[in-house]
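Engineer: Dropping in input29.txt, with compact mmCIF, C-alpha atoms.
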# COMPACT_ATOMS: atom_id res chain seq x y z
CA MET A 1 17.02 45.63 53.92
CA THR A 2 19.99 43.29 54.26
CA LYS A 3 23.44 44.52 55.08
CA SER A 4 26.17 44.37 52.46
CA THR A 5 28.60 41.47 52.65
CA LEU A 6 32.00 42.25 54.13
CA ILE A 7 35.13 40.42 52.95
CA SER A 8 38.32 40.64 55.02
CA ILE A 9 41.52 40.46 53.00
CA ILE A 10 44.47 39.47 55.20
CA ILE A 11 48.00 40.30 54.06
CA PRO A 12 50.93 39.15 56.26
CA CYS A 13 53.93 41.41 55.63
CA TYR A 14 57.59 41.13 56.48
CA ASN A 15 59.88 43.76 54.93
CA GLU A 16 57.50 44.41 52.02
CA ALA A 17 57.81 48.21 51.88
CA GLU A 18 59.22 48.23 48.36
CA GLY A 19 56.18 46.57 46.81
CA LEU A 20 53.44 47.70 49.20
CA ALA A 21 52.06 50.50 47.01
CA ALA A 22 51.80 48.19 44.00
CA LEU A 23 50.11 45.53 46.11
CA TYR A 24 47.50 47.91 47.50
CA ALA A 25 46.80 49.33 44.03
CA ALA A 26 46.31 45.79 42.68
CA LEU A 27 43.96 44.89 45.54
CA VAL A 28 41.86 48.03 44.99
CA GLN A 29 41.73 47.36 41.25
CA ALA A 30 40.65 43.73 41.79
CA THR A 31 37.83 44.64 44.19
CA LYS A 32 36.53 47.96 42.86
CA ASP A 33 33.71 46.45 40.76
CA SER A 34 32.61 43.94 43.39
CA PRO A 35 29.26 44.43 45.17
CA GLU A 36 30.89 43.32 48.45
CA GLN A 37 32.54 45.62 50.95
CA PHE A 38 36.18 44.98 51.81
CA GLU A 39 38.56 45.55 54.66
CA PHE A 40 42.28 45.20 54.06
CA ILE A 41 44.11 43.85 57.12
CA PHE A 42 47.87 44.27 56.87
CA VAL A 43 49.71 42.25 59.53
CA ASP A 44 53.21 43.62 59.97
CA ASP A 45 55.33 40.74 61.25
CA GLY A 46 58.13 42.76 62.82
CA SER A 47 59.36 44.41 59.60
CA LYS A 48 62.53 46.51 59.72
CA ASP A 49 62.08 48.46 56.49
CA GLY A 50 59.20 50.81 57.35
CA THR A 51 56.38 48.56 56.17
CA ALA A 52 54.24 49.48 59.19
CA ASP A 53 54.73 53.22 58.55
CA LEU A 54 53.54 52.84 54.96
CA VAL A 55 50.44 50.94 56.11
CA ARG A 56 49.71 53.66 58.67
CA GLU A 57 49.74 56.13 55.81
CA LEU A 58 47.21 53.97 53.98
CA THR A 59 44.99 53.84 57.07
CA ARG A 60 44.90 57.65 57.10
CA LYS A 61 43.78 57.68 53.47
CA SER A 62 41.23 54.87 53.66
CA ALA A 63 38.91 53.67 56.41
CA HIS A 64 39.00 50.21 54.79
CA VAL A 65 42.67 49.64 55.68
CA ARG A 66 43.66 48.23 59.06
CA LEU A 67 47.08 47.58 60.55
CA ILE A 68 48.03 44.89 63.03
CA GLU A 69 51.62 45.48 64.09
CA LEU A 70 53.30 42.57 65.84
CA THR A 71 56.03 43.48 68.30
CA ARG A 72 58.59 41.24 66.61
CA ASN A 73 58.90 38.66 63.86
CA PHE A 74 56.71 35.76 64.99
CA GLY A 75 56.62 34.04 61.59
CA LYS A 76 54.11 33.92 58.77
CA GLU A 77 51.84 31.30 60.34
CA ILE A 78 51.32 33.42 63.43
CA ALA A 79 50.88 36.58 61.35
CA VAL A 80 48.15 34.91 59.28
CA THR A 81 46.53 33.65 62.49
CA ALA A 82 46.54 37.19 63.93
CA GLY A 83 44.82 38.45 60.79
CA ILE A 84 42.15 35.75 60.94
CA HIS A 85 41.53 36.53 64.61
CA ALA A 86 40.98 40.19 63.71
CA ALA A 87 38.79 39.58 60.64
CA ARG A 88 35.29 41.05 60.89
CA GLY A 89 34.05 39.85 57.52
CA ASP A 90 31.53 37.24 56.44
CA ALA A 91 34.54 35.62 54.78
CA ALA A 92 38.29 36.18 54.79
CA ILE A 93 40.91 35.89 52.06
CA THR A 94 44.56 35.32 52.93
CA ILE A 95 47.05 36.49 50.31
CA ASP A 96 50.82 36.95 50.20
CA ALA A 97 52.25 40.46 49.96
CA ASP A 98 54.76 39.74 47.18
CA LEU A 99 52.14 39.73 44.37
CA GLN A 100 52.87 36.11 43.47
CA HIS A 101 49.27 35.45 44.45
CA PRO A 102 47.41 37.43 41.76
CA PRO A 103 44.82 39.80 43.33
CA SER A 104 42.86 39.56 40.06
CA LEU A 105 41.77 36.09 41.21
CA ILE A 106 39.79 37.49 44.16
CA PRO A 107 36.46 37.75 42.25
CA GLU A 108 36.83 34.09 41.23
CA LEU A 109 37.38 33.04 44.85
CA ILE A 110 34.29 34.99 45.91
CA ALA A 111 32.24 33.46 43.09
CA ALA A 112 33.14 29.95 44.26
CA TRP A 113 32.17 30.95 47.80
CA ARG A 114 28.86 32.35 46.57
CA ALA A 115 28.27 29.02 44.83
CA GLY A 116 28.35 27.24 48.19
CA ALA A 117 31.97 26.46 49.02
CA GLU A 118 33.00 27.26 52.59
CA ILE A 119 36.71 27.06 51.77
CA VAL A 120 38.13 28.09 48.40
CA VAL A 121 41.77 27.11 47.90
CA GLY A 122 44.16 28.61 45.38
CA VAL A 123 46.23 25.84 43.77
CA ARG A 124 49.37 26.44 41.72
CA ARG A 125 49.17 24.92 38.28
CA THR A 126 51.50 21.98 37.60
CA GLY A 127 54.91 23.23 36.56
CA ALA A 128 53.89 26.84 37.16
CA GLY A 129 55.95 29.33 39.03
CA HIS A 130 59.50 30.48 39.31
CA ALA A 131 60.77 28.43 42.24
CA PRO A 132 64.12 26.64 41.91
CA VAL A 133 64.09 22.98 40.90
CA LEU A 134 65.31 21.92 44.36
CA LYS A 135 62.47 23.79 46.04
CA ARG A 136 59.84 22.27 43.73
CA ALA A 137 61.27 18.78 44.26
CA GLY A 138 61.27 19.29 48.02
CA SER A 139 57.66 20.48 47.90
CA ALA A 140 56.59 17.41 45.91
CA LEU A 141 58.37 15.12 48.40
CA PHE A 142 56.79 16.91 51.34
CA TYR A 143 53.24 16.43 50.04
CA ARG A 144 53.88 12.76 49.32
CA LEU A 145 55.18 12.16 52.83
CA ILE A 146 52.57 14.23 54.70
CA ASN A 147 49.69 12.58 52.86
CA ALA A 148 51.20 9.15 53.51
CA ILE A 149 51.31 9.62 57.29
CA SER A 150 48.59 12.18 58.01
CA ASP A 151 44.93 11.52 58.74
CA VAL A 152 44.04 14.65 56.76
CA GLU A 153 44.68 14.90 53.03
CA ILE A 154 46.57 18.06 52.06
CA ARG A 155 46.28 18.83 48.37
CA ALA A 156 49.58 19.13 46.52
CA ARG A 157 50.48 22.67 45.35
CA ALA A 158 47.70 24.13 47.54
CA THR A 159 48.69 27.57 48.78
CA ASP A 160 47.86 29.98 51.57
CA TYR A 161 45.92 31.98 48.98
CA ARG A 162 42.44 30.95 50.01
CA LEU A 163 39.03 32.17 51.09
CA ILE A 164 37.38 30.88 54.26
CA ASP A 165 33.77 31.39 55.30
CA ARG A 166 32.77 32.99 58.61
CA VAL A 167 31.87 29.61 60.10
CA VAL A 168 35.37 28.36 59.25
CA ILE A 169 36.92 31.49 60.77
CA ASP A 170 35.02 30.96 64.00
CA GLU A 171 36.08 27.31 64.20
CA PHE A 172 39.70 28.16 63.33
CA ASN A 173 39.77 30.71 66.15
CA ARG A 174 39.12 27.89 68.63
CA PHE A 175 42.55 26.36 67.98
CA THR A 176 45.05 27.08 70.75
CA GLU A 177 48.17 25.21 69.60
CA ARG A 178 51.32 27.25 69.05
CA GLY A 179 53.31 25.15 66.60
CA ARG A 180 50.93 25.38 63.66
CA ILE A 181 50.66 25.29 59.92
CA THR A 182 47.62 27.36 59.05
CA ARG A 183 46.58 25.59 55.87
CA GLY A 184 46.87 22.22 57.62
CA LEU A 185 44.55 23.31 60.42
CA ILE A 186 42.04 24.66 57.92
CA ASP A 187 42.17 21.37 56.02
CA TRP A 188 41.67 19.49 59.31
CA LEU A 189 38.40 21.37 59.85
CA GLY A 190 36.80 19.86 56.77
CA PHE A 191 33.82 21.83 55.33
CA ARG A 192 32.81 22.10 51.69
CA ARG A 193 35.64 23.29 49.50
CA ALA A 194 36.42 24.35 45.98
CA TYR A 195 39.72 24.79 44.17
CA VAL A 196 40.84 27.57 41.87
CA ASN A 197 43.96 27.04 39.78
CA PHE A 198 46.33 29.91 39.10
CA THR A 199 49.78 30.63 37.72
CA PRO A 200 51.93 32.47 40.28
CA ALA A 201 53.69 35.60 39.10
CA LYS A 202 57.27 36.54 39.80
CA ARG A 203 57.94 38.20 43.12
CA TYR A 204 57.35 41.93 42.61
CA ALA A 205 60.12 43.23 44.84
CA GLY A 206 62.53 42.23 47.59
CA THR A 207 63.57 38.72 48.52
CA ALA A 208 61.60 35.81 49.89
CA ALA A 209 61.54 35.62 53.67
CA TYR A 210 61.32 31.82 53.60
CA THR A 211 64.80 30.32 53.39
CA TYR A 212 65.40 26.61 52.88
CA TYR A 213 66.01 26.38 56.63
CA SER A 214 62.63 28.00 57.32
CA LEU A 215 60.88 25.67 54.88
CA ILE A 216 62.47 22.61 56.49
CA ASN A 217 61.33 23.81 59.93
CA LEU A 218 57.82 24.37 58.56
CA ALA A 219 57.80 20.87 57.09
CA LEU A 220 58.90 19.36 60.40
CA ALA A 221 56.24 21.35 62.25
CA SER A 222 53.67 20.05 59.76
CA PHE A 223 54.67 16.42 60.34
CA VAL A 224 54.45 16.87 64.11
CA SER A 225 51.16 18.81 64.15
CA MET A 226 49.31 16.84 61.48
CA SER A 227 50.40 13.30 62.31
CA LEU A 228 51.42 11.17 65.28
CA PHE A 229 53.32 8.75 63.02
CA PRO A 230 56.80 10.25 63.72
CA LEU A 231 56.20 9.71 67.43
CA LYS A 232 55.51 6.02 66.83
CA VAL A 233 58.41 5.31 64.44
CA ALA A 234 60.68 3.96 67.19
CA GLY A 235 58.05 1.41 68.19
CA TYR A 236 57.54 0.24 64.61
CA VAL A 237 61.30 -0.11 64.04
CA GLY A 238 61.66 -1.98 67.33
CA PHE A 239 58.89 -4.40 66.38
CA ILE A 240 60.55 -5.14 63.02
CA ILE A 241 63.97 -5.67 64.62
CA THR A 242 62.54 -7.94 67.32
CA ALA A 243 60.47 -9.90 64.79
CA LEU A 244 63.62 -10.64 62.78
CA SER A 245 66.24 -11.11 65.52
CA GLY A 246 64.02 -13.16 67.86
CA PRO A 247 63.42 -16.12 65.51
CA LEU A 248 67.04 -15.91 64.31
CA GLY A 249 68.34 -16.12 67.88
CA LEU A 250 66.02 -19.04 68.62
CA PHE A 251 67.23 -20.80 65.49
CA ILE A 252 70.87 -20.35 66.55
CA LEU A 253 70.11 -21.67 70.05
CA VAL A 254 68.43 -24.80 68.74
CA GLU A 255 70.77 -25.46 65.81
CA LYS A 256 74.09 -24.88 67.59
CA TYR A 257 73.54 -25.74 71.23
CA MET A 258 70.66 -28.19 71.26
CA MET A 259 71.34 -30.10 68.03
CA GLY A 260 75.13 -29.76 67.88
CA ASP A 261 75.30 -27.72 64.64
CA PRO A 262 74.08 -30.45 62.22
CA LEU A 263 74.00 -27.93 59.35
CA GLY A 264 77.62 -26.93 59.88
CA LEU A 265 76.83 -23.25 60.04
CA ASN A 266 79.41 -22.69 62.78
CA PHE A 267 78.00 -19.46 64.22
CA SER A 268 80.83 -17.46 65.81
CA GLY A 269 80.65 -15.80 69.21
CA PRO A 270 80.56 -12.23 67.78
CA ALA A 271 77.72 -13.21 65.43
CA ILE A 272 75.69 -14.63 68.31
CA LEU A 273 76.42 -11.54 70.39
CA ALA A 274 75.26 -9.30 67.52
CA VAL A 275 71.93 -11.14 67.31
CA ILE A 276 71.45 -10.83 71.08
CA LEU A 277 72.21 -7.09 70.93
CA LEU A 278 69.79 -6.63 68.03
CA PHE A 279 67.07 -8.39 70.00
CA LEU A 280 67.69 -6.21 73.06
CA VAL A 281 67.71 -3.03 70.92
CA GLY A 282 64.37 -4.10 69.47
CA ILE A 283 62.93 -4.58 72.97
CA ILE A 284 64.18 -1.12 74.00
CA LEU A 285 62.65 0.50 70.91
CA ILE A 286 59.34 -1.24 71.53
CA ALA A 287 59.40 0.15 75.07
CA LEU A 288 60.03 3.61 73.62
CA GLY A 289 57.12 3.06 71.27
CA LEU A 290 54.83 2.27 74.22
CA ILE A 291 56.01 5.43 75.97
CA SER A 292 55.31 7.32 72.73
CA LEU A 293 51.70 6.17 72.82
CA TYR A 294 51.29 7.88 76.19
CA ILE A 295 53.07 10.99 74.87
CA ALA A 296 50.70 10.94 71.89
CA VAL A 297 47.73 11.06 74.25
CA ILE A 298 49.32 14.01 76.07
CA HIS A 299 49.99 15.74 72.74
CA ILE A 300 46.37 15.37 71.67
CA GLU A 301 45.10 16.73 74.98
CA VAL A 302 47.52 19.67 75.05
CA THR A 303 46.70 20.82 71.50
CA ASN A 304 43.10 21.02 72.71
CA ARG A 305 41.50 20.76 69.28
CA PRO A 306 37.71 20.46 69.26
CA LEU A 307 36.39 16.91 69.40
CA TYR A 308 34.37 17.56 66.26
CA VAL A 309 33.23 20.38 64.01
CA ALA A 310 29.58 20.81 63.05
CA ARG A 311 27.86 23.39 60.89
CA PRO A 312 25.32 25.69 62.57
CA GLU A 313 21.68 24.68 62.37
CA LEU A 314 20.22 26.31 59.30
CA ASP A 315 16.61 26.92 60.24
CA SER A 316 15.14 30.40 59.83
CA GLU A 317 15.68 31.32 63.47
CA LYS A 318 19.19 30.02 63.99
CA GLU A 319 20.88 30.56 60.64
CA PRO A 320 23.71 33.10 61.00
CA ALA A 321 22.97 36.52 59.50
CA ALA A 322 26.11 36.43 57.39
CA LYS A 323 24.81 33.30 55.69
CA ARG A 324 21.34 34.72 55.09
CA ASP A 325 22.67 37.97 53.70
CA ARG A 326 24.76 36.38 50.97
CA ARG A 327 22.04 34.16 49.51
CA PRO A 328 20.42 35.30 46.24
As structure tokens, what does this structure read like?
Structural biologist:
Amino acid sequence: MTKSTLISIIIPCYNEAEGLAALYAALVQATKDSPEQFEFIFVDDGSKDGTADLVRELTRKSAHVRLIELTRNFGKEIAVTAGIHAARGDAAITIDADLQHPPSLIPELIAAWRAGAEIVVGVRRTGAGHAPVLKRAGSALFYRLINAISDVEIRARATDYRLIDRVVIDEFNRFTERGRITRGLIDWLGFRRAYVNFTPAKRYAGTAAYTYYSLINLALASFVSMSLFPLKVAGYVGFIITALSGPLGLFILVEKYMMGDPLGLNFSGPAILAVILLFLVGIILIALGLISLYIAVIHIEVTNRPLYVARPELDSEKEPAAKRDRRP
């Protein structure tokens, strides 16, 4: 007799007391007819409104509810990471606490997982949602930039509402870097994936914890963690400046001082000085670029990501039990 499949549902919370009861009711409603077993992991990220107390009350009423209470506000990415670390399930679903991620989509995520996907990503439909125009425009610009400079493609409008298989959880738990964007690390891992489109609902209660300042910081962290291009920008700029100012300076030297200005261009002293300064600035920036290459090597070593990620061998002896149990 095979054991029943366990799904961990991870909910990071920060000052979500007002909508917590509605969220839990929606999660129970969405999962009540599923053959899987569920655990609901609420990660309280240093809330100040009694969110943790309400979750404790839920833990007393249901053995399926768990609380991870962080000692202060560490940020959503760390809260999600803490939930993934604590997940016991054969798969885990991360979902926001504000009910913008519809819990009714959970069976569809599980169905895609059952069909063979190891990562199932919730994607906002084009033009869907209630975010301000500035926020949507900033999001579109972010995805264009990150996909232009990153080695890993990050799908536009992809959200943190996603299901990850046990093998993905185990690989994710090997990451040690502190400045992280969870969805970017999951995308870096690879694995088979599927996408489920959804229309986000309005926030049920309270206000969004992510301010524009927080989103900008998250974007900057994403650029740094997912690409080494920003580190090399100085070197590229220096190369361009040197490539332009070097030949121009040589032309001035030959035309004015060696040939006696036959073209009558009459380069002034300040103009010549400006070209010399540009050339020297280019050399300095190239030197910074070379230093950046060494810093890039240090960055790669310090983040300590695995050299590669491979699926477990799937013979009858070595295949993980969680995988065997969920096959038809």
Engineer: For atom CA of A:Tyr14 and atom CA of A:Asp44, determine how far apart the two atoms are, in Å to one decimal place.
Structural biologist: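 Separating atom CA of A:Tyr14 from atom CA of A:Asp44 is a distance of 6.1 Å.
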Engineer: Nearest residue to A:Pro230 out of A:Gly190, A:Leu293, A:Val275, A:Ile169, using all atoms listed in the file?
Structural biologist: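 Counting all atoms listed in the file, the residue closest to A:Pro230 is A:Leu293.
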Engineer: Stretch 58-70 of chain A: which residues within 12 Å, counting only C-alpha atoms, same-chain residues fewer than 5 positions away excluded, as a PyMOL selection string?
Structural biologist: chain A and resi 6-14+20-21+23-25+27-28+37-48+50-53+75-76+78-89
Engineer: Quick one, how far is atom CA of A:Ile186 from atom CA of A:Ile110?
Structural biologist: 17.6 Å
Engineer: To one decimal place, how far is atom CA of A:Gly249 from atom CA of A:Leu290 in Å?
Structural biologist: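 Calculated distance between atom CA of A:Gly249 and atom CA of A:Leu290 is 23.7 Å.
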Engineer: Write out as a PyMOL selection string the residues lying within 10 Å of A:Pro107, counting all atoms listed in the file and excluding same-chain residues fewer than 2 positions away.
Structural biologist: chain A and resi 30-31+33-34+103-105+109-113
Engineer: Closest to A:Tyr161 among A:Thr5, A:Arg174, A:Gln100, A:Ala201, using only C-alpha atoms?
Structural biologist: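 For A:Tyr161, the nearest of the candidates is A:Gln100.
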Engineer: Find the residue from A:Ile295, A:Ile95, A:Ala158, A:Leu228 that sits nearest to A:Arg183; use only C-alpha atoms when measuring.
Structural biologist: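 For A:Arg183, the nearest of the candidates is A:Ala158.
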Engineer: Taking all listed atoms of stretch 42-49 of chain A, build the axis-aligned box, pad each of the six sides by 8 Å, then write its centre and edge lengths in Å to one decimal as JSON.
Structural biologist:
{"center_x": 55.2, "center_y": 44.6, "center_z": 59.7, "size_x": 30.7, "size_y": 23.7, "size_z": 22.3}
Engineer: Set the distance at 10 Å and use all atoms listed in the file: which residues neighbour A:Leu248 once local chain neighbours fewer than 5 positions away are removed? I'd like the list as an NGL selection string.
Structural biologist: :A and (242-243 or 253 or 272 or 275-276 or 279)
Engineer: Export N, CA and C atoms of stretch 184-200 of chain A from the structure just given, as a PDB file, in the first residue's frame?
Structural biologist:
ATOM      1  N   GLY A 184      13.875  33.539  -9.369  1.00  0.00           N
ATOM      2  CA  GLY A 184      15.039  33.497 -10.235  1.00  0.00           C
ATOM      3  C   GLY A 184      15.899  32.275  -9.968  1.00  0.00           C
ATOM      4  N   LEU A 185      16.062  31.922  -8.697  1.00  0.00           N
ATOM      5  CA  LEU A 185      16.846  30.737  -8.355  1.00  0.00           C
ATOM      6  C   LEU A 185      16.155  29.469  -8.839  1.00  0.00           C
ATOM      7  N   ILE A 186      14.834  29.423  -8.707  1.00  0.00           N
ATOM      8  CA  ILE A 186      14.094  28.258  -9.185  1.00  0.00           C
ATOM      9  C   ILE A 186      14.217  28.145 -10.693  1.00  0.00           C
ATOM     10  N   ASP A 187      14.145  29.278 -11.397  1.00  0.00           N
ATOM     11  CA  ASP A 187      14.315  29.253 -12.849  1.00  0.00           C
ATOM     12  C   ASP A 187      15.723  28.810 -13.227  1.00  0.00           C
ATOM     13  N   TRP A 188      16.720  29.204 -12.421  1.00  0.00           N
ATOM     14  CA  TRP A 188      18.105  28.817 -12.699  1.00  0.00           C
ATOM     15  C   TRP A 188      18.267  27.312 -12.646  1.00  0.00           C
ATOM     16  N   LEU A 189      17.495  26.637 -11.796  1.00  0.00           N
ATOM     17  CA  LEU A 189      17.633  25.198 -11.623  1.00  0.00           C
ATOM     18  C   LEU A 189      17.246  24.409 -12.870  1.00  0.00           C
ATOM     19  N   GLY A 190      16.385  24.992 -13.691  1.00  0.00           N
ATOM     20  CA  GLY A 190      15.931  24.251 -14.870  1.00  0.00           C
ATOM     21  C   GLY A 190      14.740  23.364 -14.549  1.00  0.00           C
ATOM     22  N   PHE A 191      14.808  22.077 -14.902  1.00  0.00           N
ATOM     23  CA  PHE A 191      13.741  21.091 -14.725  1.00  0.00           C
ATOM     24  C   PHE A 191      12.574  21.341 -15.682  1.00  0.00           C
ATOM     25  N   ARG A 192      11.762  20.318 -15.827  1.00  0.00           N
ATOM     26  CA  ARG A 192      10.586  20.414 -16.701  1.00  0.00           C
ATOM     27  C   ARG A 192       9.556  21.336 -16.057  1.00  0.00           C
ATOM     28  N   ARG A 193       8.963  22.194 -16.870  1.00  0.00           N
ATOM     29  CA  ARG A 193       8.019  23.147 -16.292  1.00  0.00           C
ATOM     30  C   ARG A 193       6.772  23.287 -17.149  1.00  0.00           C
ATOM     31  N   ALA A 194       5.727  23.731 -16.491  1.00  0.00           N
ATOM     32  CA  ALA A 194       4.470  24.030 -17.163  1.00  0.00           C
ATOM     33  C   ALA A 194       3.992  25.384 -16.646  1.00  0.00           C
ATOM     34  N   TYR A 195       3.097  26.002 -17.409  1.00  0.00           N
ATOM     35  CA  TYR A 195       2.614  27.335 -17.046  1.00  0.00           C
ATOM     36  C   TYR A 195       1.090  27.322 -16.978  1.00  0.00           C
ATOM     37  N   VAL A 196       0.576  27.972 -15.970  1.00  0.00           N
ATOM     38  CA  VAL A 196      -0.864  28.083 -15.785  1.00  0.00           C
ATOM     39  C   VAL A 196      -1.208  29.568 -15.701  1.00  0.00           C
ATOM     40  N   ASN A 197      -2.031  30.033 -16.613  1.00  0.00           N
ATOM     41  CA  ASN A 197      -2.412  31.440 -16.639  1.00  0.00           C
ATOM     42  C   ASN A 197      -3.561  31.704 -15.669  1.00  0.00           C
ATOM     43  N   PHE A 198      -3.547  32.871 -15.056  1.00  0.00           N
ATOM     44  CA  PHE A 198      -4.632  33.229 -14.151  1.00  0.00           C
ATOM     45  C   PHE A 198      -4.804  34.742 -14.122  1.00  0.00           C
ATOM     46  N   THR A 199      -5.989  35.160 -13.710  1.00  0.00           N
ATOM     47  CA  THR A 199      -6.285  36.576 -13.546  1.00  0.00           C
ATOM     48  C   THR A 199      -6.239  36.906 -12.058  1.00  0.00           C
ATOM     49  N   PRO A 200      -5.309  37.740 -11.609  1.00  0.00           N
ATOM     50  CA  PRO A 200      -5.224  38.038 -10.175  1.00  0.00           C
ATOM     51  C   PRO A 200      -6.445  38.816  -9.695  1.00  0.00           C
TER      52      PRO A 200
END
